[in-house]
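J.: You'll find final_10.cif just under this line, and it carries mmCIF, C-alpha atoms.
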data_entry
#
loop_
_atom_site.label_atom_id
_atom_site.label_comp_id
_atom_site.auth_asym_id
_atom_site.auth_seq_id
_atom_site.Cartn_x
_atom_site.Cartn_y
_atom_site.Cartn_z
CA MET A 1 257.50 21.50 248.18
CA THR A 2 253.96 22.46 249.14
CA ASN A 3 253.63 24.82 252.07
CA LEU A 4 251.17 23.68 254.73
CA SER A 5 249.77 27.19 254.94
CA ASP A 6 248.65 26.94 251.31
CA MET A 7 246.45 23.90 251.95
CA PRO A 8 242.66 24.34 251.58
CA ASP A 9 240.54 24.80 254.67
CA ASP A 10 238.98 21.33 254.53
CA VAL A 11 242.42 19.68 254.55
CA LEU A 12 243.58 21.77 257.50
CA ILE A 13 240.37 21.03 259.38
CA LYS A 14 240.91 17.27 259.02
CA LEU A 15 244.50 17.62 260.20
CA PHE A 16 243.59 19.73 263.20
CA ASN A 17 240.72 17.40 264.16
CA ILE A 18 243.14 14.50 264.66
CA THR A 19 245.59 16.68 266.57
CA SER A 20 245.52 17.12 270.33
CA PRO A 21 243.94 20.36 271.61
CA ARG A 22 247.27 21.47 273.10
CA ASP A 23 249.06 21.12 269.75
CA VAL A 24 246.26 22.97 267.94
CA THR A 25 246.67 25.85 270.39
CA ARG A 26 250.38 25.96 269.57
CA VAL A 27 249.83 25.72 265.82
CA LYS A 28 247.44 28.67 265.64
CA ARG A 29 250.18 30.91 267.05
CA LEU A 30 252.45 30.26 264.06
CA ASN A 31 250.71 32.55 261.57
CA ARG A 32 247.46 34.30 260.78
CA ARG A 33 246.39 31.60 258.34
CA PHE A 34 246.35 28.84 260.97
CA ASN A 35 244.85 31.15 263.56
CA GLY A 36 242.01 32.07 261.19
CA VAL A 37 241.18 28.42 260.47
CA VAL A 38 241.27 27.38 264.14
CA GLU A 39 239.18 30.31 265.33
CA GLY A 40 236.85 30.35 262.34
CA TYR A 41 235.93 26.65 262.61
CA ASN A 42 236.18 26.48 266.40
CA LEU A 43 238.89 23.79 266.44
CA GLY A 44 241.19 22.58 269.18
CA LYS A 45 238.46 22.17 271.80
CA PRO A 46 238.95 19.85 274.80
CA ARG A 47 237.25 16.45 274.58
CA VAL A 48 234.55 15.47 277.08
CA ARG A 49 233.67 11.81 277.64
CA GLU A 50 230.11 12.52 278.77
CA LEU A 51 227.89 15.58 278.69
CA ARG A 52 224.66 15.72 280.66
CA ILE A 53 222.23 18.59 280.10
CA GLN A 54 219.31 18.65 282.52
CA THR A 55 216.71 21.01 283.90
CA ARG A 56 216.34 21.49 287.64
CA SER A 57 213.71 23.28 289.63
CA THR A 58 214.77 26.35 291.58
CA GLU A 59 212.05 25.88 294.18
CA GLN A 60 213.35 25.07 297.65
CA PRO A 61 211.69 22.08 299.36
CA PRO A 62 209.49 23.07 302.31
CA LYS A 63 210.83 22.53 305.78
CA ILE A 64 209.23 19.68 307.67
CA GLY A 65 206.88 20.82 310.42
CA ARG A 66 206.43 24.35 309.07
CA ILE A 67 203.13 25.73 307.81
CA ARG A 68 203.40 27.67 304.55
CA PHE A 69 201.02 30.62 304.29
CA GLY A 70 200.12 32.66 301.24
CA ALA A 71 197.97 32.16 298.20
CA LYS A 72 199.31 30.00 295.40
CA THR A 73 200.12 32.04 292.33
CA PRO A 74 201.06 30.81 288.84
CA GLU A 75 204.66 31.63 289.72
CA ASN A 76 204.48 29.36 292.75
CA LEU A 77 202.79 26.56 290.83
CA ALA A 78 205.37 26.60 288.04
CA PRO A 79 208.68 27.85 289.45
CA PRO A 80 211.39 28.74 286.94
CA LYS A 81 213.90 26.05 286.07
CA LYS A 82 217.60 26.31 285.50
CA LEU A 83 219.88 24.37 283.19
CA VAL A 84 222.72 22.29 284.58
CA LEU A 85 225.56 21.01 282.41
CA THR A 86 227.72 18.23 283.80
CA MET A 87 230.89 17.48 281.86
CA LYS A 88 232.77 14.30 282.71
CA HIS A 89 236.32 14.12 281.43
CA GLY A 90 237.19 10.77 282.99
CA GLU A 91 236.13 8.39 285.70
CA LYS A 92 236.38 11.02 288.44
CA GLY A 93 236.94 14.44 286.93
CA GLN A 94 233.84 16.46 286.14
CA LYS A 95 232.77 20.06 285.76
CA ILE A 96 229.31 21.40 286.58
CA VAL A 97 228.01 24.62 285.03
CA GLU A 98 224.67 26.22 285.92
CA ASN A 99 222.78 29.13 284.43
CA GLU A 100 220.31 31.52 285.99
CA PRO A 101 216.61 31.00 285.14
CA THR A 102 216.46 34.50 283.65
CA CYS A 103 219.20 33.77 281.09
CA SER A 104 218.51 32.41 277.62
CA LYS A 105 218.72 28.62 277.67
CA SER A 106 219.68 28.27 274.01
CA ALA A 107 222.46 30.85 274.34
CA PHE A 108 223.76 29.13 277.48
CA ILE A 109 223.85 25.72 275.76
CA GLU A 110 225.51 27.10 272.63
CA GLU A 111 228.13 28.96 274.65
CA ASN A 112 229.20 25.78 276.45
CA LEU A 113 228.96 23.46 273.43
CA ARG A 114 231.36 25.71 271.55
CA LYS A 115 234.01 25.02 274.18
CA ILE A 116 234.04 21.20 274.03
CA VAL A 117 233.81 18.10 271.83
CA ILE A 118 231.61 15.26 273.08
CA ASN A 119 233.56 12.04 272.73
CA GLU A 120 231.15 9.33 273.84
CA THR A 121 227.86 10.05 275.65
CA LEU A 122 225.17 12.73 275.49
CA ASN A 123 222.39 12.69 278.11
CA LEU A 124 219.42 15.05 277.84
CA GLU A 125 217.01 15.26 280.78
CA GLY A 126 213.81 17.27 280.94
CA LEU A 127 214.55 19.29 277.81
CA THR A 128 212.32 20.35 274.94
CA ILE A 129 213.91 19.42 271.63
CA ASP A 130 212.44 22.10 269.38
CA GLU A 131 213.61 23.82 266.22
CA GLU A 132 215.93 26.17 268.10
CA PHE A 133 217.62 23.40 270.08
CA HIS A 134 217.91 21.25 266.94
CA LYS A 135 219.59 24.13 265.12
CA THR A 136 222.14 24.47 267.92
CA LEU A 137 222.96 20.76 267.96
CA CYS A 138 223.30 20.53 264.17
CA ALA A 139 225.44 23.65 263.78
CA LYS A 140 228.61 23.24 261.70
CA TRP A 141 230.84 24.10 264.65
CA ASN A 142 229.32 21.30 266.78
CA ASP A 143 230.98 17.94 266.10
CA LEU A 144 228.56 15.08 266.87
CA SER A 145 230.42 12.38 264.96
CA LYS A 146 232.04 10.89 268.07
CA ILE A 147 228.83 10.41 270.10
CA GLU A 148 228.10 6.70 270.63
CA ASN A 149 225.42 6.85 273.34
CA LEU A 150 222.34 9.09 273.31
CA SER A 151 219.92 9.03 276.22
CA LEU A 152 216.72 11.09 276.33
CA ASN A 153 214.94 11.21 279.70
CA PHE A 154 211.65 13.05 280.30
CA CYS A 155 212.21 15.04 277.12
CA LYS A 156 209.61 16.54 274.82
CA ILE A 157 210.45 16.09 271.14
CA GLU A 158 208.71 18.64 268.94
CA ILE A 159 210.75 18.48 265.74
CA PRO A 160 209.51 16.35 262.80
CA MET A 161 210.80 12.86 262.19
CA GLU A 162 213.07 13.78 259.27
CA LYS A 163 214.97 16.37 261.28
CA PHE A 164 215.29 14.02 264.23
CA ALA A 165 216.57 11.25 261.94
CA ASN A 166 219.13 13.63 260.42
CA LEU A 167 220.26 14.54 263.93
CA LEU A 168 220.85 10.89 264.82
CA GLU A 169 222.68 10.26 261.56
CA LYS A 170 225.30 12.83 262.53
CA MET A 171 226.31 10.50 265.37
CA ARG A 172 227.77 7.00 265.30
CA LEU A 173 225.22 5.65 267.74
CA LYS A 174 225.63 2.32 269.47
CA SER A 175 223.04 3.00 272.16
CA LEU A 176 219.74 4.91 271.82
CA VAL A 177 217.42 5.26 274.83
CA PHE A 178 214.05 7.00 275.19
CA ASP A 179 212.85 7.08 278.80
CA PHE A 180 209.42 8.58 279.57
CA CYS A 181 209.63 11.02 276.67
CA THR A 182 206.73 12.75 274.94
CA PHE A 183 206.60 12.69 271.13
CA GLU A 184 204.36 11.89 268.20
CA PRO A 185 204.03 8.13 267.54
CA SER A 186 205.10 8.71 263.93
CA LEU A 187 208.57 9.63 265.21
CA ILE A 188 209.44 5.97 265.81
CA CYS A 189 209.48 4.40 262.35
CA ASP A 190 211.65 2.41 259.96
CA ARG A 191 213.18 5.58 258.52
CA LEU A 192 214.56 6.54 261.94
CA PHE A 193 216.72 3.39 262.14
CA GLU A 194 217.58 3.14 258.46
CA ASN A 195 221.08 4.62 258.74
CA LEU A 196 221.93 3.62 262.32
CA LYS A 197 224.17 0.80 261.19
CA MET A 198 226.13 0.44 264.47
CA LEU A 199 223.16 0.31 266.84
CA GLU A 200 223.60 -2.28 269.60
CA ILE A 201 221.12 -1.11 272.25
CA LEU A 202 217.63 0.25 271.62
CA LYS A 203 215.26 1.06 274.48
CA ILE A 204 211.98 2.92 274.08
CA GLN A 205 209.58 3.65 276.92
CA PRO A 206 207.23 6.55 276.15
CA ARG A 207 205.43 8.42 278.88
CA SER A 208 202.04 7.10 277.71
CA HIS A 209 201.13 4.01 275.73
CA CYS A 210 201.85 4.45 272.00
CA PHE A 211 201.31 2.49 268.82
CA PHE A 212 204.25 2.82 266.43
CA GLU A 213 202.45 1.84 263.26
CA LYS A 214 205.40 2.59 260.97
CA PHE A 215 207.88 0.49 262.96
CA THR A 216 207.60 -2.70 260.92
CA ASP A 217 209.43 -5.83 259.82
CA PHE A 218 211.37 -3.70 257.34
CA THR A 219 213.76 -2.66 260.11
CA LEU A 220 214.25 -6.26 261.23
CA THR A 221 214.92 -7.32 257.64
CA SER A 222 217.52 -4.58 257.19
CA TRP A 223 219.25 -5.66 260.41
CA LYS A 224 219.32 -9.24 259.17
CA SER A 225 220.58 -8.33 255.69
CA ARG A 226 223.59 -6.42 256.96
CA GLY A 227 224.41 -9.11 259.54
CA PHE A 228 224.55 -6.70 262.48
CA VAL A 229 221.71 -7.21 264.94
CA PRO A 230 221.21 -5.15 268.13
CA LYS A 231 222.03 -7.26 271.15
CA GLU A 232 219.51 -5.48 273.37
CA ILE A 233 216.04 -4.31 272.32
CA GLY A 234 213.51 -3.05 274.86
CA LEU A 235 210.13 -1.75 273.72
CA TYR A 236 208.07 -0.99 276.81
CA ASN A 237 204.58 0.46 277.11
CA CYS A 238 204.18 0.49 273.35
CA ALA A 239 202.96 -1.56 270.39
CA THR A 240 204.45 -1.91 266.92
CA SER A 241 203.64 -3.39 263.52
CA ILE A 242 206.34 -6.04 263.93
CA SER A 243 205.04 -9.53 263.19
CA ILE A 244 205.81 -13.03 264.41
CA GLU A 245 207.26 -13.86 261.01
CA GLY A 246 209.64 -10.90 261.22
CA ILE A 247 210.90 -12.03 264.62
CA ARG A 248 211.39 -15.61 263.39
CA ASN A 249 213.41 -14.40 260.42
CA LEU A 250 215.56 -12.25 262.68
CA MET A 251 216.24 -15.21 264.96
CA GLU A 252 217.89 -17.02 262.06
CA THR A 253 220.88 -14.69 262.35
CA ILE A 254 221.41 -14.80 266.11
CA PRO A 255 224.99 -13.71 266.83
CA THR A 256 227.26 -15.41 269.32
CA GLN A 257 226.93 -12.56 271.83
CA LYS A 258 224.27 -12.41 274.52
CA ILE A 259 220.84 -11.37 273.24
CA ASP A 260 218.00 -9.73 275.19
CA TRP A 261 215.01 -8.73 273.05
CA ASP A 262 211.65 -7.40 274.22
CA PHE A 263 209.41 -6.39 271.33
CA GLY A 264 206.56 -5.08 273.45
CA LEU A 265 202.99 -5.61 272.32
CA LEU A 266 202.46 -7.28 268.95
CA ILE A 267 199.18 -6.57 267.17
CA LEU A 268 198.07 -9.83 265.56
CA GLU A 269 195.11 -10.32 263.29
CA PRO A 270 192.83 -13.24 264.24
CA ALA A 271 192.84 -14.67 260.73
CA GLY A 272 195.70 -16.00 258.63
CA SER A 273 198.77 -18.02 259.51
CA ASN A 274 199.69 -16.05 262.64
CA SER A 275 198.47 -18.85 264.90
CA GLU A 276 200.68 -21.43 263.19
CA LEU A 277 203.70 -19.13 263.26
CA LEU A 278 203.10 -18.32 266.91
CA LEU A 279 202.85 -21.98 267.89
CA SER A 280 205.95 -22.79 265.87
CA LEU A 281 207.85 -20.03 267.66
CA MET A 282 206.56 -20.99 271.10
CA PHE A 283 207.67 -24.60 270.75
CA SER A 284 211.01 -23.98 269.04
CA SER A 285 213.58 -26.64 269.76
CA GLY A 286 216.02 -25.85 272.56
CA PHE A 287 214.00 -22.96 274.02
CA GLU A 288 212.34 -22.71 277.42
CA LEU A 289 208.89 -21.11 277.28
CA GLN A 290 207.19 -19.02 279.96
CA VAL A 291 203.66 -17.64 279.57
CA ASN A 292 202.23 -15.10 282.03
CA ASP A 293 199.08 -13.01 282.08
CA ASP A 294 199.77 -9.30 281.77
CA PHE A 295 197.47 -6.28 281.70
CA GLN A 296 195.00 -6.91 278.85
CA SER A 297 197.52 -9.16 277.14
CA ARG A 298 199.56 -12.31 277.54
CA ARG A 299 203.33 -12.19 277.90
CA LEU A 300 205.52 -14.82 276.28
CA LYS A 301 209.17 -15.29 277.11
CA LEU A 302 211.59 -17.65 275.39
CA GLN A 303 214.99 -18.38 276.85
CA LYS A 304 217.93 -20.47 275.69
CA ASN A 305 220.99 -21.19 277.84
CA ARG A 306 220.78 -17.73 279.45
CA ASP A 307 222.44 -16.31 276.34
CA PHE A 308 219.24 -15.63 274.44
CA GLN A 309 216.06 -14.06 275.81
CA LEU A 310 213.05 -13.11 273.72
CA ALA A 311 209.87 -11.58 275.13
CA PHE A 312 206.74 -10.00 273.71
CA ASN A 313 203.06 -9.50 274.50
CA ILE A 314 200.18 -10.58 272.30
CA ARG A 315 196.61 -9.40 272.13
CA HIS A 316 194.28 -10.36 269.29
CA VAL A 317 192.40 -7.54 267.64
CA PHE A 318 188.94 -8.68 266.57
CA PRO A 319 186.66 -6.61 264.32
CA MET A 320 183.85 -4.76 266.03
CA PRO A 321 180.42 -6.32 265.42
CA GLN A 322 178.28 -4.35 263.01
CA PRO A 323 174.68 -3.50 263.94
CA PRO A 324 172.06 -5.37 261.92
CA GLN A 325 170.72 -3.54 258.93
CA THR A 326 167.05 -2.64 258.98
CA LEU A 327 164.96 -3.31 255.93
#
Would you mind giving the structure from this file in structure tokens?

T.:
Amino acid sequence: MTNLSDMPDDVLIKLFNITSPRDVTRVKRLNRRFNGVVEGYNLGKPRVRELRIQTRSTEQPPKIGRIRFGAKTPENLAPPKKLVLTMKHGEKGQKIVENEPTCSKSAFIEENLRKIVINETLNLEGLTIDEEFHKTLCAKWNDLSKIENLSLNFCKIEIPMEKFANLLEKMRLKSLVFDFCTFEPSLICDRLFENLKMLEILKIQPRSHCFFEKFTDFTLTSWKSRGFVPKEIGLYNCATSISIEGIRNLMETIPTQKIDWDFGLLILEPAGSNSELLLSLMFSSGFELQVNDDFQSRRLKLQKNRDFQLAFNIRHVFPMPQPPQTL
């Protein structure tokens, strides 16, 4: 009979990962072999339903009615910020951990991530996702496979697209939200969504208007081919290379669940069959059409029985007139 202590590390890791943290703590006391595996691979950590990492200013708000004297220095203009980690274990229970502005932020995050396993949601607010932070998140001891919801608010993403895509692939994302984040437009592309096969909610609202040139019909085609279409898509303050034809093809596989799609601004060429496709989509049978004037564009909204909503903006791009050539 095979002794459990003689099993390879990868087998023991899989067993301990499906065991409750309390039982893992008991098991590691049995012998040095189990203790070495648990401590070496940082197993048996408590599970957290939601982890929120945010930056907060340490500057105290001025009192109303008081005059503040003194010259403004760079320290006063940009006060140091502290990191706040909020861990929610259930509906009510939560734990808040703060660090001092003088402490290393990366060391503080790593220290607390080593103590827990994120089970469902990760919220990042006001953080800079750079190489150092990416290395901490993708460390072997950090299990991201149970994260279903990722929300980025007021974040600055500095890592290249490939590394960011690999980070997302370590999770089983059902919801991905970018709210007022700063990043290169090339970050949002077909490659980013290629392996997110469980995605149900996608919302992107950059801090400034962006054109995601590499976000094309290829993503819509892949969603259609695998038969799993996100039920909620919100592209705000941005334009993509998605076409009318791509949207029509995606509508052929509308699931029974409620759908709410907003594809933002579509860049249409004045020539070709775009006009015919657009008219065909606008006057689709069974849909209610609403057309409103928006800022430098026209917003179209199609609705069907309150279970399906489709919206997008259109603005024709005409070629610039060339100056006459002189003989």

J.: Any chance you could resolve the PyMOL selection byres ((chain A and resi 288) around 9) against this file and give the residues as JSON, numbers by chain?

T.: {"A": [282, 283, 284, 285, 286, 287, 289, 290, 301, 302, 303, 304, 305]}

J.: Counting only C-alpha atoms, what is within 8 Å of Val291 of chain A, bar same-chain residues fewer than 3 positions away, as a list in words?

T.: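 Here the qualifying residues turn out to be Arg298, Arg299, Leu300 and Lys301 of chain A.
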
J.: With distances taken over all atoms listed in the file, which residue among A:Lys146, A:Lys258, A:Lys105, A:Arg172 lies nearest Arg49 of chain A?

T.: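 When distances to Arg49 of chain A are compared using all atoms listed in the file, the smallest one comes from A:Lys146.
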
J.: Rounded to one decimal, what separation in Å do you get between atom CA of Thr136 of chain A and atom CA of Glu200 of chain A?

T.: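 It comes out at 26.8 Å.
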
J.: From the options A:Asp143, A:Leu265, A:Arg191, A:Thr121, which residue's atoms come nearest to Leu176 of chain A, counting all atoms listed in the file?

T.: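 Distance minimum relative to Leu176 of chain A lands on A:Thr121.
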
J.: Find the nearest atom pair between each residue of segment 221-290 of chain A and segment 192-199 of chain A for residues within 9 Å, count only C-alpha atoms, give distances in Å to one decimal, sort rows by chain and ascending number, and present the table as a tab-separated table.

T.:
residue	atom	partner	partner_atom	distance
A:Ser222	CA	A:Glu194	CA	7.8
A:Trp223	CA	A:Lys197	CA	8.2
A:Arg226	CA	A:Lys197	CA	8.4
A:Phe228	CA	A:Met198	CA	7.6
A:Val229	CA	A:Leu199	CA	7.9
A:Pro230	CA	A:Leu199	CA	5.9
A:Lys231	CA	A:Leu199	CA	8.8

J.: To one decimal place, how far is atom CA of Ile129 of chain A from atom CA of Lys45 of chain A in Å?

T.: 24.7 Å

J.: Counting only C-alpha atoms, note down every residue that has an atom within 7 Å of the point (214.7, 9.3, 276.6) (file coordinates), as a PyMOL selection string.

T.: chain A and resi 151-155+177-181

J.: Starting from the shown file, work through the PyMOL selection byres ((chain A and resi 221) around 12) and note down what comes out as a ChimeraX atom specification.

T.: /A:190,193-194,215-220,222-229,242-243,245-253

J.: With a distance cut-off of 12 Å and all atoms listed in the file, select the neighbouring residues of Pro46 of chain A, excluding the residue or stretch itself and same-chain residues fewer than 4 positions from it, and output the selection as a PyMOL selection string.

T.: chain A and resi 17+19-25+42+87-89+112-119+143

J.: Have a look at atom CA of Arg306 of chain A and atom CA of Ile259 of chain A and let me know their distance in Å, one decimal.

T.: 8.9 Å

J.: Could you give me, as a VMD selection string, the residues within 8 Å of segment 260-262 of chain A, counting only C-alpha atoms and dropping anything in the same chain fewer than 4 positions from it?

T.: chain A and resid 231 to 236 308 to 312

J.: Which residue gives the smallest distance to Ile204 of chain A among A:Met171, A:Leu281, A:Gly264, A:Ser104, with all atoms listed in the file counted?

T.: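 Residue with the minimum atom-to-atom distance to Ile204 of chain A: A:Gly264.
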
J.: When the PyMOL selection byres ((chain A and resi 164-167) around 12) is applied to the file above, which residues end up in the set, as a short mmCIF file (atom, residue, chain, number, x, y, z; two decimals) with C-alpha atoms, in the coordinates of the input?

T.:
data_model
loop_
_atom_site.label_atom_id
_atom_site.label_comp_id
_atom_site.auth_asym_id
_atom_site.auth_seq_id
_atom_site.Cartn_x
_atom_site.Cartn_y
_atom_site.Cartn_z
CA ILE A 129 213.91 19.42 271.63
CA ASP A 130 212.44 22.10 269.38
CA GLU A 131 213.61 23.82 266.22
CA PHE A 133 217.62 23.40 270.08
CA HIS A 134 217.91 21.25 266.94
CA LYS A 135 219.59 24.13 265.12
CA THR A 136 222.14 24.47 267.92
CA LEU A 137 222.96 20.76 267.96
CA CYS A 138 223.30 20.53 264.17
CA ALA A 139 225.44 23.65 263.78
CA ASN A 142 229.32 21.30 266.78
CA ASP A 143 230.98 17.94 266.10
CA LEU A 144 228.56 15.08 266.87
CA SER A 145 230.42 12.38 264.96
CA ILE A 147 228.83 10.41 270.10
CA LEU A 150 222.34 9.09 273.31
CA ILE A 157 210.45 16.09 271.14
CA GLU A 158 208.71 18.64 268.94
CA ILE A 159 210.75 18.48 265.74
CA PRO A 160 209.51 16.35 262.80
CA MET A 161 210.80 12.86 262.19
CA GLU A 162 213.07 13.78 259.27
CA LYS A 163 214.97 16.37 261.28
CA LEU A 168 220.85 10.89 264.82
CA GLU A 169 222.68 10.26 261.56
CA LYS A 170 225.30 12.83 262.53
CA MET A 171 226.31 10.50 265.37
CA ARG A 172 227.77 7.00 265.30
CA LEU A 173 225.22 5.65 267.74
CA PHE A 183 206.60 12.69 271.13
CA GLU A 184 204.36 11.89 268.20
CA SER A 186 205.10 8.71 263.93
CA LEU A 187 208.57 9.63 265.21
CA ILE A 188 209.44 5.97 265.81
CA CYS A 189 209.48 4.40 262.35
CA ASP A 190 211.65 2.41 259.96
CA ARG A 191 213.18 5.58 258.52
CA LEU A 192 214.56 6.54 261.94
CA PHE A 193 216.72 3.39 262.14
CA GLU A 194 217.58 3.14 258.46
CA ASN A 195 221.08 4.62 258.74
CA LEU A 196 221.93 3.62 262.32
#

J.: Compare A:Ile244, A:Gly36, A:Ile267, A:Asn31 by their minimum atom-to-atom distance to Glu213 of chain A, counting only C-alpha atoms, and give me the closest one.

T.: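 Answer, going by the shortest atom-to-atom distance: A:Ile267.
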
J.: A:Glu120, A:Glu125, A:Glu39, A:Glu50: which is nearest Phe16 of chain A, counting all atoms listed in the file?

T.: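 Among A:Glu120, A:Glu125, A:Glu39, A:Glu50, it is A:Glu39 that comes nearest to Phe16 of chain A.
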
J.: When you look at Leu12 of chain A with a cut-off of 12 Å (counting only C-alpha atoms), what residues show up, excluding the ones that are within fewer than 6 positions of it in the same chain? I need them as a list in words.

T.: Asn3, Leu4, Ser5, Asp6, Ile18, Thr19, Val24, Val27, Lys28, Arg33, Phe34, Asn35, Gly36, Val37, Val38, Gly40, Tyr41, Leu43 and Gly44 of chain A

J.: With all atoms listed in the file as the basis for distance, which of A:Pro185, A:Asn237, A:Glu100, A:Lys82 is at the shortest distance from Lys203 of chain A?

T.: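 Answer, going by the shortest atom-to-atom distance: A:Asn237.
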